[in-house]
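First comes the structure, then the notes that go with it.
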Amino acid sequence: MNTTTTPTEDTLLPERFSDLALDARILRAVSEMGYETLTPIQAKAIPLLLDGRDIMGAAQTGTGKTAAFSLPILQQLLPLASTSVSPARHPVRALMLAPTRELADQVYTNLKAYAKHTPLRCACVFGGMDMAPQKAELRNGVDLLVATPGRLLDHLEAKTVNLGQVQFVVLDEADRMLDIGFLPDLQRILGFLPKQRTTLLFSATFSTEIKRLAQSYLQNPLLVEVARPNATATNVEQRVYQVEEDDKRATLVQLLRDNPLPQVIVFVNSRLGAGRLTRSLERDGIKAAAMHGDKSQAERLTTLDAFKRGEIQALVATDVAARGLDIAELPGVVNYDVPFSAEDYVHRIGRTGRAGASGLAITLATARDARSLADIEKLIKRQFEKQTVQLQPAMRPRRDADGDAPRGLRSPRPMASRGLPENLGGAVAPTPRMGRTSRQDPWFDKPYEADPNAQPAWEPADATHTGSGQRSVSPSIRPRRKIAALLGGHGEK
Ligand code: AMP
């Protein structure tokens, strides 16, 4: 790969959307979304993309990266936008690939909102849904297409879509796509695209495979990073409760009944565990639903909608199912099981504290989790202060006559637990550490060192940081405000 540099040293960063050379129709849509200031990834990436550069973005879902890539793409496609009904006037010019249906759906929802005052047409295709309506939409002509790789290949094979005029390609959550085994599909899809194009790759991690992918498909990319993936957001309060294995469920119920956690994602390490815990919570009168890989696409979307409407208090999810979920203002997450991979901990707690809101991340740790916790502490470079929860007497799991705790956790309500198999709702059997080796990225073995130029996600950009040397103003930034303040002086407020 050619030299990859980070542009922050010598480029002035815009602060507000109005600082960017964006069309009034796009700015209006952004303002209707309630956005005012740019997130760090937006401030860094949008000017580069408006200048037509390929970029590798080190940013996770939740940092505002969808707008970071969508807005400049929309801007550059606007001169080609047509109000004609003819499909020929709406060839696919931008392709956004996402690893999961949920993420594709979220990208599409945002993209549609940003494009709503323009004649540009957006569509989304993912698996688990009938292909016929997707085919009809594609045949009518689509300017920007969001897709999961598998379903896109189905459409390519059925010849319902042509990618010969694509100018922009976004590979979103590229590391997840490789994890899921999409590399061959990705390579096939990229083979359908014109060589002359802009390619953007976003990834939370930059493993050797991701770098190789970037090397093969990006041209002289710039690296844009806002925070190391192992840096946890500063606005998430992290608590670790030391609990007995048998008290885990009761502790969770008590936490959910108490106020600070009106709505949460509860993370577990296995599908089986998700189902068990959900049933157990429901028996305790908590509105819960499970989200895991065994659920159909329709079930997942219905559950997600119900959760977003506030009809479900606890969404019990596995890591795979929760990937890329963007749920606005989620007040908290609970790690019912400590994840085996420290990297998953960072992803999990990133589900809360989004868009600048504060969040609470609670981890229930048993004596068995000491090693995993130590790995997490090493990764995020901070020590947890372990707390204990005083269980209310009614919440305590019943003990056997000889004083031994029951092998599994039983419902604290005697009626509810009667006749139920032992261990229902109990501790989740750990899945072996084996099988996770593919996630090994030597990058994560290095102790975390703050990038002096990187802003933790959602922390307001430090306008006074100048770096060394003189900074240039990108032509994509409207140079009409506060240049003095950005350079460290005192511009007008
Ligand atoms: P993303 O990382 O693209 O999934 O975005 C995470 C969330 O932040 C989404 O709900 C966006 O609607 C929201 N968001 C994106 N950009 C901004 C912004 N500049 N100000 C406030 N919210 C934003």
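So you can find residues: chains in the structure tokens are A, B, ... in the order shown, residues in each start at 1, and ligands are numbered from 1 in order.
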Mind listing the helix (DSSP H, G or I) residues of range 65-302 of chain A, per DSSP on the backbone, as a PyMOL selection string?
chain A and resi 65-80+87-89+101-115+131-140+149-157+174-179+183-191+208-217+245-257+271-283+297-302
Could you find all residues in range 69-177 of chain A that DSSP calls strand (DSSP E or B) from the backbone, and write them as a ChimeraX atom specification?
/A:94-97,122-125,144-147,168-171
Serialized selection, C-alpha atoms, as a PDB file, in the first residue's frame:
ATOM      1  CA  ALA A  94     -22.917   4.324  -4.743  1.00  0.00           C
ATOM      2  CA  LEU A  95     -22.770   0.944  -3.064  1.00  0.00           C
ATOM      3  CA  MET A  96     -22.639   0.535   0.727  1.00  0.00           C
ATOM      4  CA  LEU A  97     -21.919  -2.945   2.032  1.00  0.00           C
ATOM      5  CA  CYS A 122     -31.881   4.899  -2.106  1.00  0.00           C
ATOM      6  CA  ALA A 123     -32.662   1.220  -1.576  1.00  0.00           C
ATOM      7  CA  CYS A 124     -31.567  -1.578   0.729  1.00  0.00           C
ATOM      8  CA  VAL A 125     -31.325  -5.300   0.030  1.00  0.00           C
ATOM      9  CA  LEU A 144     -27.513   4.549  -3.803  1.00  0.00           C
ATOM     10  CA  LEU A 145     -27.720   0.918  -2.755  1.00  0.00           C
ATOM     11  CA  VAL A 146     -27.138  -0.479   0.741  1.00  0.00           C
ATOM     12  CA  ALA A 147     -26.683  -4.253   0.823  1.00  0.00           C
ATOM     13  CA  PHE A 168     -18.411   5.115  -4.592  1.00  0.00           C
ATOM     14  CA  VAL A 169     -18.074   1.966  -2.526  1.00  0.00           C
ATOM     15  CA  VAL A 170     -18.285   1.832   1.249  1.00  0.00           C
ATOM     16  CA  LEU A 171     -17.206  -1.273   3.160  1.00  0.00           C
TER      17      LEU A 171
END
One residue among A:Gln167, A:Gln313, A:Gln42, A:Gln392 is nearest to ligand 1 when using only C-alpha atoms and all ligand atoms, and that residue is A:Gln42
Name the residues in contact with Arg25 in chain A at a cut-off of 10 Å, using only C-alpha atoms, excluding same-chain residues fewer than 3 positions from it; report them as a PyMOL selection string.
chain A and resi 22+28-31+75+78+114-118
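You can rank A:Leu71, A:Ala174, A:Leu360, A:Leu12 by their closest distance to ligand 1 using only C-alpha atoms and all ligand atoms, and at the top of that list sits A:Leu71.
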Excluding Phe384 in chain A and residues on its chain fewer than 3 positions from it, collect all residues at most 9 Å away from it, counting only C-alpha atoms, and give them as a ChimeraX atom specification.
/A:238-240,373,377,387
Save the residues we just selected, C-alpha atoms, as a compact mmCIF listing (two decimals), in the first residue's frame?
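Here's the written file again09.txt:
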# COMPACT_ATOMS: atom_id res chain seq x y z
CA GLN A 238 -18.39 1.32 33.93
CA ARG A 239 -19.24 -0.68 37.03
CA VAL A 240 -18.26 -4.20 37.91
CA LEU A 373 -11.66 -9.21 33.58
CA GLU A 377 -8.47 -4.08 32.25
CA GLN A 387 -18.49 -3.43 43.94
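For the atom pair formed by CA of Ile265 in chain A and CA of Val334 in chain A, the distance is 6.3 Å, given to one decimal.
Note that CA of Phe192 in chain A and CA of Lys159 in chain A are 11.7 Å apart.
Residues in contact with Lys386 in chain A at up to 10 Å, not including ones fewer than 5 positions away on its chain and judged by only C-alpha atoms, are Arg239, Val240, Tyr241, Gln242, Val243, Thr363, Leu364 and Ala365 of chain A.
Residues in contact with Thr37 in chain A at 8 Å, where only C-alpha atoms are counted and same-chain residues fewer than 3 positions away are skipped, are listed as Glu15, Arg16 and Phe17 of chain A.
Remark: for ligand 1, the closest of the candidate residues A:Arg188, A:Lys65, A:Arg139, A:Arg53 is A:Lys65 (distances computed over only C-alpha atoms and all ligand atoms).
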Using only C-alpha atoms, pick whichever of A:Gln297, A:Thr100, A:Thr199, A:Gln263 has the shortest atom-to-atom distance to Arg176 in chain A.
A:Thr100
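Shortest separation to ligand 1 among A:Ile41, A:Val320, A:Val338, A:Leu272 occurs at residue A:Ile41, atoms counted being only C-alpha atoms and all ligand atoms.
Of the residues under consideration (A:Leu391, A:Leu38, A:Leu261, A:Leu48), A:Leu391 shows the shortest atom-to-atom contact distance to Glu244 in chain A when counting only C-alpha atoms.
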Would you mind reading off the distance between CA of Ala67 in chain A and CA of Thr83 in chain A, one decimal, in Å?
23.5 Å
